[in-house]
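Enquirer: entry-v8.cif is reproduced in full below (mmCIF, C-alpha atoms).
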data_model
#
loop_
_atom_site.label_atom_id
_atom_site.label_comp_id
_atom_site.auth_asym_id
_atom_site.auth_seq_id
_atom_site.Cartn_x
_atom_site.Cartn_y
_atom_site.Cartn_z
CA MET G 1072 -54.06 -46.14 31.88
CA ALA G 1073 -55.31 -43.48 34.31
CA THR G 1074 -58.99 -42.64 34.37
CA ARG G 1075 -58.47 -39.12 35.73
CA SER G 1076 -56.40 -36.34 34.21
CA THR G 1077 -53.22 -35.12 35.87
CA SER G 1078 -50.96 -32.10 35.47
CA ALA G 1079 -48.99 -34.18 32.94
CA THR G 1080 -51.66 -35.75 30.70
CA TRP G 1081 -55.37 -36.27 30.03
CA GLY G 1082 -57.18 -39.19 31.64
CA SER G 1083 -58.91 -41.91 29.62
CA VAL G 1084 -62.44 -40.62 30.35
CA THR G 1085 -61.61 -37.10 29.14
CA ARG G 1086 -59.87 -38.47 26.04
CA ASN G 1087 -62.79 -40.75 25.16
CA LEU G 1088 -65.34 -37.97 25.67
CA HIS G 1089 -63.19 -35.70 23.49
CA TRP G 1090 -62.96 -38.14 20.57
CA ILE G 1091 -66.61 -39.24 20.73
CA SER G 1092 -67.65 -35.57 20.79
CA ALA G 1093 -65.33 -34.81 17.87
CA LEU G 1094 -66.86 -37.59 15.76
CA VAL G 1095 -70.42 -36.54 16.56
CA VAL G 1096 -69.73 -32.84 15.91
CA LEU G 1097 -68.05 -33.61 12.57
CA GLY G 1098 -70.93 -35.93 11.69
CA LEU G 1099 -73.53 -33.29 12.57
CA LEU G 1100 -71.69 -30.59 10.62
CA GLY G 1101 -71.40 -32.84 7.57
CA HIS G 1102 -74.97 -34.09 7.82
CA GLY G 1103 -76.28 -30.56 8.38
CA TRP G 1104 -74.60 -29.32 5.21
CA TRP G 1105 -75.68 -32.37 3.21
CA MET G 1106 -79.31 -32.27 4.30
CA THR G 1107 -79.67 -28.56 3.51
CA HIS G 1108 -77.79 -28.63 0.19
CA MET G 1109 -77.97 -32.14 -1.28
CA ALA G 1110 -80.90 -34.11 0.15
CA VAL G 1111 -83.91 -34.30 -2.12
CA ARG G 1112 -86.89 -32.35 -0.83
CA GLU G 1113 -89.01 -35.47 -0.20
CA VAL G 1114 -86.63 -36.79 2.48
CA ARG G 1115 -85.21 -33.52 3.79
CA LEU G 1116 -87.66 -33.23 6.70
CA TRP G 1117 -86.85 -36.79 7.76
CA HIS G 1118 -83.17 -35.84 7.84
CA TYR G 1119 -83.97 -32.73 9.90
CA GLY G 1120 -85.64 -35.02 12.40
CA LEU G 1121 -82.68 -37.42 12.48
CA HIS G 1122 -80.22 -34.51 12.79
CA GLY G 1123 -82.17 -33.15 15.74
CA LEU G 1124 -82.40 -36.53 17.44
CA ILE G 1125 -78.63 -37.06 17.25
CA ALA G 1126 -78.08 -33.49 18.49
CA ILE G 1127 -80.35 -34.04 21.50
CA TYR G 1128 -78.36 -37.05 22.64
CA PHE G 1129 -75.16 -35.13 21.91
CA ALA G 1130 -76.42 -32.38 24.23
CA LEU G 1131 -76.63 -34.95 27.02
CA LEU G 1132 -73.10 -36.12 26.21
CA LEU G 1133 -71.92 -32.50 26.18
CA ALA G 1134 -73.45 -31.88 29.61
CA LEU G 1135 -71.70 -34.99 30.95
CA ARG G 1136 -68.44 -33.85 29.35
CA ILE G 1137 -68.66 -30.38 30.91
CA VAL G 1138 -69.47 -31.74 34.38
CA TRP G 1139 -66.59 -34.22 34.12
CA ARG G 1140 -64.20 -31.57 32.81
CA LEU G 1141 -64.99 -29.15 35.64
CA GLY G 1142 -63.74 -31.75 38.13
CA GLU G 1143 -60.57 -32.57 36.22
CA ALA G 1144 -57.01 -31.27 36.37
CA THR G 1145 -55.68 -29.50 33.29
CA PRO G 1146 -52.32 -30.71 32.03
CA HIS G 1147 -49.62 -28.05 31.95
CA GLN G 1148 -48.30 -26.75 28.67
CA PRO G 1149 -44.91 -28.16 27.67
CA ALA G 1150 -41.91 -26.32 29.14
CA GLY G 1151 -40.94 -23.24 27.17
CA THR G 1152 -44.44 -22.58 25.79
CA PRO G 1153 -44.94 -18.82 25.44
CA GLY G 1154 -47.66 -17.34 27.62
CA TRP G 1155 -49.68 -16.11 24.64
CA GLN G 1156 -49.94 -19.67 23.32
CA THR G 1157 -51.28 -20.89 26.66
CA VAL G 1158 -53.87 -18.08 26.69
CA ALA G 1159 -54.79 -18.80 23.05
CA ALA G 1160 -55.19 -22.53 23.76
CA HIS G 1161 -57.47 -21.89 26.76
CA GLY G 1162 -59.46 -19.33 24.78
CA ALA G 1163 -59.91 -21.73 21.87
CA HIS G 1164 -61.08 -24.54 24.16
CA ILE G 1165 -63.56 -22.31 25.96
CA SER G 1166 -64.79 -21.03 22.58
CA LEU G 1167 -65.32 -24.61 21.36
CA TYR G 1168 -67.40 -25.43 24.43
CA LEU G 1169 -69.41 -22.21 24.08
CA LEU G 1170 -70.03 -22.90 20.40
CA MET G 1171 -71.17 -26.47 21.11
CA ILE G 1172 -73.61 -25.08 23.69
CA ALA G 1173 -74.75 -22.33 21.29
CA MET G 1174 -75.28 -24.84 18.48
CA THR G 1175 -77.32 -27.02 20.81
CA VAL G 1176 -79.47 -24.10 21.97
CA THR G 1177 -80.04 -22.63 18.49
CA GLY G 1178 -80.80 -26.10 17.10
CA TYR G 1179 -83.32 -26.71 19.89
CA MET G 1180 -84.97 -23.33 19.32
CA LEU G 1181 -85.07 -23.98 15.56
CA TRP G 1182 -86.72 -27.37 16.14
CA SER G 1183 -89.09 -25.83 18.64
CA SER G 1184 -90.31 -23.16 16.19
CA PHE G 1185 -90.24 -25.29 13.03
CA PRO G 1186 -93.78 -25.41 11.54
CA PRO G 1187 -93.79 -29.09 10.37
CA ARG G 1188 -93.31 -30.14 14.00
CA PHE G 1189 -96.93 -29.09 14.48
CA ASP G 1190 -98.20 -30.94 11.39
CA ALA G 1191 -99.04 -34.48 12.56
CA VAL G 1192 -100.27 -35.46 9.08
CA ARG G 1193 -96.76 -35.48 7.57
CA GLY G 1194 -95.45 -38.13 9.95
CA VAL G 1195 -92.23 -36.20 10.45
CA PRO G 1196 -90.17 -37.49 13.41
CA PHE G 1197 -90.06 -34.08 15.05
CA ASP G 1198 -91.43 -35.01 18.45
CA TYR G 1199 -88.63 -36.54 20.45
CA ASN G 1200 -89.20 -39.12 23.14
CA LEU G 1201 -85.96 -39.35 25.12
CA PHE G 1202 -85.00 -42.90 26.08
CA GLY G 1203 -88.69 -43.75 25.76
CA LEU G 1204 -89.28 -41.98 29.08
CA PHE G 1205 -90.48 -38.46 28.32
CA LYS G 1206 -91.27 -36.18 25.43
CA LEU G 1207 -88.94 -33.24 24.88
CA PRO G 1208 -90.93 -30.04 25.40
CA GLY G 1209 -90.65 -27.23 22.89
CA ALA G 1210 -89.99 -23.59 23.76
CA HIS G 1211 -92.65 -22.47 21.26
CA THR G 1212 -96.28 -23.53 21.35
CA ALA G 1213 -96.86 -23.04 17.61
CA GLY G 1214 -94.81 -23.11 14.44
CA ASN G 1215 -93.65 -19.73 13.17
CA ARG G 1216 -91.66 -19.44 9.94
CA GLU G 1217 -90.25 -16.00 10.82
CA ILE G 1218 -88.96 -17.11 14.22
CA SER G 1219 -87.78 -20.39 12.72
CA LYS G 1220 -85.77 -18.51 10.06
CA TYR G 1221 -84.15 -16.37 12.77
CA TRP G 1222 -82.95 -19.48 14.66
CA GLU G 1223 -81.95 -21.18 11.42
CA ASN G 1224 -79.70 -18.24 10.49
CA LEU G 1225 -78.05 -18.24 13.94
CA HIS G 1226 -77.59 -22.01 13.74
CA GLU G 1227 -76.04 -21.74 10.27
CA TRP G 1228 -73.63 -18.95 11.29
CA GLY G 1229 -72.72 -20.96 14.38
CA SER G 1230 -71.88 -23.94 12.16
CA HIS G 1231 -69.57 -21.74 10.07
CA ALA G 1232 -67.86 -20.44 13.20
CA MET G 1233 -67.53 -24.02 14.46
CA GLN G 1234 -65.91 -25.12 11.20
CA VAL G 1235 -63.35 -22.29 11.38
CA LEU G 1236 -62.54 -22.96 15.02
CA LEU G 1237 -62.21 -26.71 14.39
CA LEU G 1238 -59.79 -26.07 11.52
CA ILE G 1239 -57.69 -23.86 13.80
CA HIS G 1240 -57.86 -26.50 16.56
CA VAL G 1241 -56.73 -29.31 14.25
CA ALA G 1242 -54.04 -27.12 12.65
CA ALA G 1243 -52.68 -26.23 16.10
CA ALA G 1244 -52.60 -29.90 17.14
CA LEU G 1245 -50.75 -30.85 13.95
CA TRP G 1246 -48.34 -27.93 14.41
CA HIS G 1247 -47.55 -29.18 17.91
CA GLN G 1248 -47.04 -32.70 16.58
CA PHE G 1249 -44.98 -32.07 13.47
CA VAL G 1250 -43.33 -28.67 14.00
CA LYS G 1251 -42.85 -28.30 17.74
CA ARG G 1252 -42.66 -32.08 18.23
CA ASP G 1253 -44.03 -31.87 21.76
CA THR G 1254 -46.54 -34.07 23.62
CA ILE G 1255 -49.74 -32.04 23.13
CA LEU G 1256 -51.33 -34.43 20.63
CA ALA G 1257 -49.95 -37.59 22.29
CA ARG G 1258 -51.56 -36.58 25.60
CA MET G 1259 -54.99 -36.54 23.92
CA THR G 1260 -54.48 -39.66 21.79
CA HIS G 1261 -52.52 -42.02 24.02
CA GLY G 1262 -52.41 -40.23 27.35
CA ARG G 1263 -48.63 -40.00 27.18
CA SER G 1264 -46.90 -37.25 29.06
#
When written as structure tokens, how does the structure in this file appear?

Expert:
Amino acid sequence: MATRSTSATWGSVTRNLHWISALVVLGLLGHGWWMTHMAVREVRLWHYGLHGLIAIYFALLLALRIVWRLGEATPHQPAGTPGWQTVAAHGAHISLYLLMIAMTVTGYMLWSSFPPRFDAVRGVPFDYNLFGLFKLPGAHTAGNREISKYWENLHEWGSHAMQVLLLIHVAAALWHQFVKRDTILARMTHGRS
């Protein structure tokens, strides 16, 4: 099992980073919807704090994934793949990375402007101490509901865009597997070329 990617298939590190990221993103999307629509008000702020904490560590994983990916080869499309499909695949992958970055940034700005973060009496876990080494600084020095609502709306619309793009991504992978019967999905699951 090769660690690095080749022109034929994805390496084990890239595959593992992909699937871990996929699980975390799906978990964050599901938790984000649940905490804003289903969680009872008394525990909602605690869930916001947990959601943010997971997202902060995901941001570190995303940075590692991007750095690793920039140094990796990209497997070629299977023979006979039309050029528009290659362009669409690259565009979708770049869009997924950009959306993950955008969701991280808008989530950080939302946390940073969220008024309860500045209310120490509530005991809300909104001040993050990364690895027990340093406190994550906020971009805002005071809570502001108007600014917070702006970032919340962007974050929500980003989550909708992410859901649509993920559905397209999964549908394309399944189409390759069951209709085209090529190696696209196998290269990301087993590393087979």

Enquirer: Name the residues that the PyMOL selection byres ((chain G and resi 1142) around 12) picks from the file above, as a list in words, using the file's chain letters and numbers.

Expert: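 Against this file, the PyMOL selection byres ((chain G and resi 1142) around 12) returns the residues Arg1075, Ser1076, Thr1077, Gly1082, Val1084, Thr1085, Leu1135, Arg1136, Ile1137, Val1138, Trp1139, Arg1140, Leu1141, Glu1143, Ala1144 and Thr1145 of chain G.
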
Enquirer: Ranking G:Ser1219, G:Thr1175, G:Ile1125, G:His1118 by minimum distance to Val1095 in chain G and counting all atoms listed in the file, which one comes first?

Expert: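 Of the candidates, the smallest distance to Val1095 in chain G is held by G:Ile1125.
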
Enquirer: Between G:His1102, G:His1226, G:Lys1251, G:Arg1112, which has the minimum distance to Val1176 in chain G (counting only C-alpha atoms)?

Expert: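 Looking only at the distances to Val1176 in chain G, the closest residue turns out to be G:His1226.
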
Enquirer: Using only C-alpha atoms, can you tell me which of G:Trp1081, G:His1240, G:Ala1126, G:Glu1223 comes closest to His1147 in chain G?

Expert: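 Among G:Trp1081, G:His1240, G:Ala1126, G:Glu1223, it is G:Trp1081 that comes nearest to His1147 in chain G.
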
Enquirer: Run the PyMOL selection byres ((chain G and resi 1214) around 7) on the file and write out the hits as a list in words.

Expert: Ser1184, Phe1185, Pro1186, Phe1189, Ala1213, Asn1215 and Arg1216 of chain G

Enquirer: Under the rule that all atoms listed in the file are counted, which of G:Val1114, G:Leu1181, G:Leu1170, G:Val1158 is the nearest residue to Leu1236 in chain G?

Expert: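 Of G:Val1114, G:Leu1181, G:Leu1170, G:Val1158, the one nearest Leu1236 in chain G is G:Leu1170, counting all atoms listed in the file.
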
Enquirer: When distances are computed from all atoms listed in the file, which of G:Pro1149, G:Gly1098, G:Gly1120, G:Gly1209 shows the smallest separation from Leu1256 in chain G?

Expert: G:Pro1149

Enquirer: List as a PyMOL selection string: which residues have an atom within 10 Å of (-84.7, -30.5, 14.5), counting all atoms listed in the file?

Expert: chain G and resi 1116-1127+1177-1185+1188+1196-1199

Enquirer: Just the number, please: distance in Å from CA of His1164 in chain G to CA of Leu1237 in chain G, one decimal.

Expert: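 Atom-to-atom, CA of His1164 in chain G to CA of Leu1237 in chain G, that is 10.1 Å.
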
Enquirer: For Ser1078 in chain G, which residue out of G:Ile1218, G:Trp1228, G:Ala1130, G:Arg1263 is the nearest one, using only C-alpha atoms?

Expert: G:Arg1263

Enquirer: Could you expand the PyMOL selection byres ((chain G and resi 1233) around 9) into the explicit residues it covers here, written as a count of residues only?

Expert: 15

Enquirer: Could you check how far CA of Ala1150 in chain G sits from CA of Thr1080 in chain G, in Å to one decimal?

Expert: 13.7 Å

Enquirer: Using Å and a single decimal, report how far CA of Gln1148 in chain G sits from CA of Gly1162 in chain G.

Expert: 14.0 Å

Enquirer: Quick one: range 1237-1249 of chain G with N, CA, C and O atoms, as a compact mmCIF listing (two decimals), in the coordinates of the input?

Expert:
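Contents of selection_17.txt, as written:
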# COMPACT_ATOMS: atom_id res chain seq x y z
N LEU G 1237 -62.71 -25.33 14.47
CA LEU G 1237 -62.21 -26.71 14.39
C LEU G 1237 -60.97 -26.79 13.50
O LEU G 1237 -60.02 -27.52 13.82
N LEU G 1238 -60.98 -26.07 12.40
CA LEU G 1238 -59.79 -26.07 11.52
C LEU G 1238 -58.58 -25.51 12.26
O LEU G 1238 -57.48 -26.05 12.17
N ILE G 1239 -58.78 -24.44 13.02
CA ILE G 1239 -57.69 -23.86 13.80
C ILE G 1239 -57.22 -24.86 14.86
O ILE G 1239 -56.02 -25.05 15.07
N HIS G 1240 -58.17 -25.52 15.51
CA HIS G 1240 -57.86 -26.50 16.56
C HIS G 1240 -57.02 -27.66 16.00
O HIS G 1240 -55.99 -28.03 16.58
N VAL G 1241 -57.46 -28.20 14.88
CA VAL G 1241 -56.73 -29.31 14.25
C VAL G 1241 -55.37 -28.84 13.75
O VAL G 1241 -54.35 -29.53 13.94
N ALA G 1242 -55.32 -27.66 13.14
CA ALA G 1242 -54.04 -27.12 12.65
C ALA G 1242 -53.06 -26.93 13.81
O ALA G 1242 -51.87 -27.24 13.69
N ALA G 1243 -53.55 -26.43 14.94
CA ALA G 1243 -52.68 -26.23 16.10
C ALA G 1243 -52.15 -27.57 16.63
O ALA G 1243 -50.97 -27.69 16.97
N ALA G 1244 -53.04 -28.58 16.67
CA ALA G 1244 -52.60 -29.90 17.14
C ALA G 1244 -51.54 -30.48 16.22
O ALA G 1244 -50.53 -31.04 16.68
N LEU G 1245 -51.74 -30.34 14.91
CA LEU G 1245 -50.75 -30.85 13.95
C LEU G 1245 -49.44 -30.05 14.02
O LEU G 1245 -48.36 -30.62 13.88
N TRP G 1246 -49.53 -28.76 14.26
CA TRP G 1246 -48.34 -27.93 14.41
C TRP G 1246 -47.53 -28.39 15.62
O TRP G 1246 -46.31 -28.51 15.55
N HIS G 1247 -48.24 -28.67 16.72
CA HIS G 1247 -47.55 -29.18 17.91
C HIS G 1247 -46.87 -30.52 17.62
O HIS G 1247 -45.76 -30.78 18.07
N GLN G 1248 -47.56 -31.37 16.85
CA GLN G 1248 -47.04 -32.70 16.58
C GLN G 1248 -45.85 -32.69 15.63
O GLN G 1248 -44.84 -33.34 15.89
N PHE G 1249 -45.97 -31.95 14.53
CA PHE G 1249 -44.98 -32.07 13.47
C PHE G 1249 -43.96 -30.92 13.41
O PHE G 1249 -42.89 -31.10 12.83
